Structures are given as structure tokens and as C-alpha cells.
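Asker: First the structure, which I've put down as C-alpha cells, then a few questions once you've had a look.
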Amino acid sequence: MWIRAIRVKRPGILWGAALLILAGGALFLLRGRAQTVSGDAGVSARTDQERVAFLASCGWEAEPEPVEVQDVLIPETFNEVYERYQELQRKQGYDLTAYCGKTVRRYSYAVINHPDQSAPVRANLLVAGGKLIGGDICSAALDGWMTGFHNEE
């Protein structure tokens with residue numbers, strides 16, 4: 001049986017503690033950044049059931065299956081159209097700027113309880129990392145309209 005003693009001087013302990021604190025702080029900051037980019041503050045939207053339940057919580061009845069699922073690239077810089085869309089997102093509490101240059105998935109559901117059914121009404125949910133990061137309710141008509149998630153009726 002071997003016994004080995006290690007003697008650590010006080011400055012070594014202080015430097016070691018300082019390094020551990022710095023490493024812990026760096027991990028905390030990196031973890032916070034990763035959660036922001038993955039939409040951690042958003043609603044869980046991993047399944048059709050979760051997405052349709054979210055729409056129901058906003059007052060919309062939607063078909064249980066999406067009519068379209070598509071990957072969408074959020075541009076690095078927003079043009080006028082994306083600036084207006086970003087403003088709609090901000091009004092709803094979302095922010096797409098964290099996703100500039102990233103690909104997210106858009107799930108489009110048919111809304112069946114909108115009073116104006118002269119053209120199909122769609123709920124578009126933008127999802128990244130299994131979290132809802134934004135979206136809209138819109139008319140699929142050529143001269144259609146677009147609004148936020150919450151049904152004001």
C-alpha cells in the first residue's frame with residue numbers, strides 16, 4: 001500500500017479557486033446564449049399536438065396535421081418585408097434577430113374557425129430547437145392579410 005501526500009500552498013489554492021469560478025461563469029454565459037438561440041423562452045413545439053394546443057390557447061382551431069412543413073432561412077440582414085414581419089413578432093413577444101443566418105422550420109396549419117373562410121386561413125409557426133420562436137395567422141388569398149397569434153374575437 002502506497003500513501004502519497006500532496007502539499008498545496010495557499011497561492012495555489014487561490015489560483016485554482018479563481019480558475020474554477022471563471023470557468024463556471026463562462027459555462028453559465030455560454031449556456032444562456034445557447035438557450036436564447038434555441039428559443040428556450042418559447043413554448044415547446046416539438047410535436048403536432050403541442051403546436052395545435054398552442055394555437056387552441058390563442059383561440060384558433062386547426063387541423064391536427066400541418067398542410068406544409070418547410071425549412072426557412074432567416075436572412076442575415078432584414079429587408080423591408082422582414083422588418084415588418086419582425087415588428088409583428090416583437091408585438092407578440094418574439095424576436096427573430098437571434099436567428100439571422102439560421103434555418104428554422106415553418107409548420108403551416110389550416111385554421112378552421114376563422115370567420116372569413118373566403119380563402120384558406122393558415123397558422124404559420126416558426127420552430128427552432130423544438131421551441132416556438134414566432135409565426136403568424138394569415139389569409140392565403142393573393143390580397144390577403146396577416147396578424148399575430150391571438151384571436152381578438
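Quick note on naming: the chains in the C-alpha cells go A, B, ... in the order shown, residues restart at 1 in each chain, and ligands are numbered from 1 in order of appearance.
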If you count only C-alpha atoms, which residues fall within 12 Å of region 141-144 of chain A, apart from same-chain ones fewer than 5 positions away, as number ranges by chain?
Answerer: A: 116-122
Asker: Quick one: everything within 9 Å of Glu76 (chain A), counting only C-alpha atoms, minus sequence neighbours fewer than 2 positions away in the same chain. Send it as an MDAnalysis selection string.
Answerer: chainID A and resid 73:74 78 97 99:102
Asker: I'd like the neighbourhood of Val69 (chain A) as a ChimeraX atom specification, where a residue qualifies if any of its atoms comes within 8 Å (using only C-alpha atoms), though same-chain residues fewer than 2 positions away should be ignored.
Answerer: /A:66-67,71,105-108
Asker: Which one is closest to Pro115 (chain A): A:Ala128, A:Met146, A:Asn151, A:Arg90? Count only C-alpha atoms.
Answerer: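 For Pro115 (chain A), the nearest of the given residues is A:Asn151.
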Asker: Among region 74-136 of chain A, which residues carry a DSSP assignment of strand (DSSP E or B), reported as a PDB file with N, CA and C atoms, in the first residue's frame?
Answerer:
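Written output follows (selection_25.pdb):
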```pdb
ATOM      1  N   THR A 103     -31.356  28.479 -40.258  1.00  0.00           N
ATOM      2  CA  THR A 103     -32.527  27.831 -40.843  1.00  0.00           C
ATOM      3  C   THR A 103     -33.431  27.358 -39.720  1.00  0.00           C
ATOM      4  N   VAL A 104     -34.711  27.693 -39.817  1.00  0.00           N
ATOM      5  CA  VAL A 104     -35.720  27.256 -38.855  1.00  0.00           C
ATOM      6  C   VAL A 104     -36.791  26.493 -39.635  1.00  0.00           C
ATOM      7  N   ARG A 105     -37.668  25.840 -38.938  1.00  0.00           N
ATOM      8  CA  ARG A 105     -38.728  25.075 -39.606  1.00  0.00           C
ATOM      9  C   ARG A 105     -40.063  25.792 -39.432  1.00  0.00           C
ATOM     10  N   ARG A 106     -40.790  25.907 -40.549  1.00  0.00           N
ATOM     11  CA  ARG A 106     -42.121  26.509 -40.523  1.00  0.00           C
ATOM     12  C   ARG A 106     -43.169  25.416 -40.692  1.00  0.00           C
ATOM     13  N   TYR A 107     -44.090  25.363 -39.743  1.00  0.00           N
ATOM     14  CA  TYR A 107     -45.223  24.443 -39.810  1.00  0.00           C
ATOM     15  C   TYR A 107     -46.456  25.286 -40.117  1.00  0.00           C
ATOM     16  N   SER A 108     -47.167  24.942 -41.191  1.00  0.00           N
ATOM     17  CA  SER A 108     -48.388  25.660 -41.576  1.00  0.00           C
ATOM     18  C   SER A 108     -49.589  24.762 -41.359  1.00  0.00           C
ATOM     19  N   TYR A 109     -50.537  25.258 -40.573  1.00  0.00           N
ATOM     20  CA  TYR A 109     -51.755  24.512 -40.258  1.00  0.00           C
ATOM     21  C   TYR A 109     -52.962  25.242 -40.826  1.00  0.00           C
ATOM     22  N   ALA A 110     -53.961  24.471 -41.265  1.00  0.00           N
ATOM     23  CA  ALA A 110     -55.219  25.054 -41.723  1.00  0.00           C
ATOM     24  C   ALA A 110     -56.029  25.461 -40.497  1.00  0.00           C
ATOM     25  N   VAL A 111     -56.422  26.736 -40.451  1.00  0.00           N
ATOM     26  CA  VAL A 111     -57.275  27.250 -39.373  1.00  0.00           C
ATOM     27  C   VAL A 111     -58.714  27.084 -39.824  1.00  0.00           C
ATOM     28  N   VAL A 121     -57.245  29.974 -44.501  1.00  0.00           N
ATOM     29  CA  VAL A 121     -56.550  30.685 -43.430  1.00  0.00           C
ATOM     30  C   VAL A 121     -55.505  29.736 -42.855  1.00  0.00           C
ATOM     31  N   ARG A 122     -54.292  30.233 -42.707  1.00  0.00           N
ATOM     32  CA  ARG A 122     -53.175  29.412 -42.248  1.00  0.00           C
ATOM     33  C   ARG A 122     -52.577  29.967 -40.959  1.00  0.00           C
ATOM     34  N   ALA A 123     -52.159  29.058 -40.115  1.00  0.00           N
ATOM     35  CA  ALA A 123     -51.353  29.392 -38.936  1.00  0.00           C
ATOM     36  C   ALA A 123     -49.940  28.923 -39.247  1.00  0.00           C
ATOM     37  N   ASN A 124     -49.003  29.843 -39.282  1.00  0.00           N
ATOM     38  CA  ASN A 124     -47.598  29.531 -39.551  1.00  0.00           C
ATOM     39  C   ASN A 124     -46.819  29.632 -38.256  1.00  0.00           C
ATOM     40  N   LEU A 125     -46.216  28.524 -37.846  1.00  0.00           N
ATOM     41  CA  LEU A 125     -45.423  28.500 -36.626  1.00  0.00           C
ATOM     42  C   LEU A 125     -43.967  28.276 -36.979  1.00  0.00           C
ATOM     43  N   LEU A 126     -43.107  29.178 -36.526  1.00  0.00           N
ATOM     44  CA  LEU A 126     -41.667  29.046 -36.731  1.00  0.00           C
ATOM     45  C   LEU A 126     -41.077  28.366 -35.513  1.00  0.00           C
ATOM     46  N   VAL A 127     -40.321  27.290 -35.749  1.00  0.00           N
ATOM     47  CA  VAL A 127     -39.802  26.466 -34.657  1.00  0.00           C
ATOM     48  C   VAL A 127     -38.304  26.272 -34.832  1.00  0.00           C
ATOM     49  N   ALA A 128     -37.575  26.423 -33.735  1.00  0.00           N
ATOM     50  CA  ALA A 128     -36.131  26.148 -33.708  1.00  0.00           C
ATOM     51  C   ALA A 128     -35.820  25.430 -32.407  1.00  0.00           C
ATOM     52  N   LYS A 131     -38.669  24.662 -29.976  1.00  0.00           N
ATOM     53  CA  LYS A 131     -39.370  25.769 -29.316  1.00  0.00           C
ATOM     54  C   LYS A 131     -39.973  26.704 -30.350  1.00  0.00           C
ATOM     55  N   LEU A 132     -41.127  27.250 -30.022  1.00  0.00           N
ATOM     56  CA  LEU A 132     -41.782  28.227 -30.875  1.00  0.00           C
ATOM     57  C   LEU A 132     -41.017  29.544 -30.784  1.00  0.00           C
ATOM     58  N   ILE A 133     -40.608  30.087 -31.934  1.00  0.00           N
ATOM     59  CA  ILE A 133     -39.847  31.338 -31.930  1.00  0.00           C
ATOM     60  C   ILE A 133     -40.591  32.468 -32.633  1.00  0.00           C
ATOM     61  N   GLY A 134     -41.758  32.178 -33.198  1.00  0.00           N
ATOM     62  CA  GLY A 134     -42.539  33.208 -33.864  1.00  0.00           C
ATOM     63  C   GLY A 134     -43.542  32.594 -34.815  1.00  0.00           C
ATOM     64  N   GLY A 135     -44.232  33.453 -35.539  1.00  0.00           N
ATOM     65  CA  GLY A 135     -45.199  32.976 -36.509  1.00  0.00           C
ATOM     66  C   GLY A 135     -46.330  33.959 -36.713  1.00  0.00           C
ATOM     67  N   ASP A 136     -47.375  33.494 -37.400  1.00  0.00           N
ATOM     68  CA  ASP A 136     -48.478  34.383 -37.747  1.00  0.00           C
ATOM     69  C   ASP A 136     -49.715  33.577 -38.109  1.00  0.00           C
TER      70      ASP A 136
END
```
Asker: Record the distance separating CA of Gln92 (chain A) and CA of Gly148 (chain A), expressed in Å with one decimal.
Answerer: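 For CA of Gln92 (chain A) relative to CA of Gly148 (chain A), the distance reads 6.6 Å.
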Asker: Which neighbours of Ser57 (chain A) fall inside 12 Å, counting only C-alpha atoms, when residues of the same chain fewer than 4 positions from it are skipped, and could you give them as a list in words?
Answerer: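 That gives Val43, Glu50, Arg51, Val52, Ala53, Glu61, Ala62, Phe149, His150 and Asn151 of chain A.
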Asker: Output C-alpha atoms for every residue in the selection just made, as a PDB file, in the first residue's frame.
Answerer:
```
ATOM      1  CA  VAL A  43     -43.385  27.421 -25.984  1.00  0.00           C
ATOM      2  CA  GLU A  50     -48.093  20.754 -28.875  1.00  0.00           C
ATOM      3  CA  ARG A  51     -48.329  23.134 -31.823  1.00  0.00           C
ATOM      4  CA  VAL A  52     -52.097  22.643 -32.263  1.00  0.00           C
ATOM      5  CA  ALA A  53     -52.583  23.028 -28.485  1.00  0.00           C
ATOM      6  CA  GLU A  61     -58.954  25.629 -34.112  1.00  0.00           C
ATOM      7  CA  ALA A  62     -56.549  23.992 -36.529  1.00  0.00           C
ATOM      8  CA  PHE A 149     -51.399  34.513 -32.969  1.00  0.00           C
ATOM      9  CA  HIS A 150     -54.002  35.807 -30.538  1.00  0.00           C
ATOM     10  CA  ASN A 151     -57.592  35.696 -31.737  1.00  0.00           C
TER      11      ASN A 151
END
```
Asker: Please, what distance in Å, to one decimal, runs between CA of Ile112 (chain A) and CA of Cys58 (chain A)?
Answerer: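 Pair CA of Ile112 (chain A) / CA of Cys58 (chain A) returns 13.5 Å.
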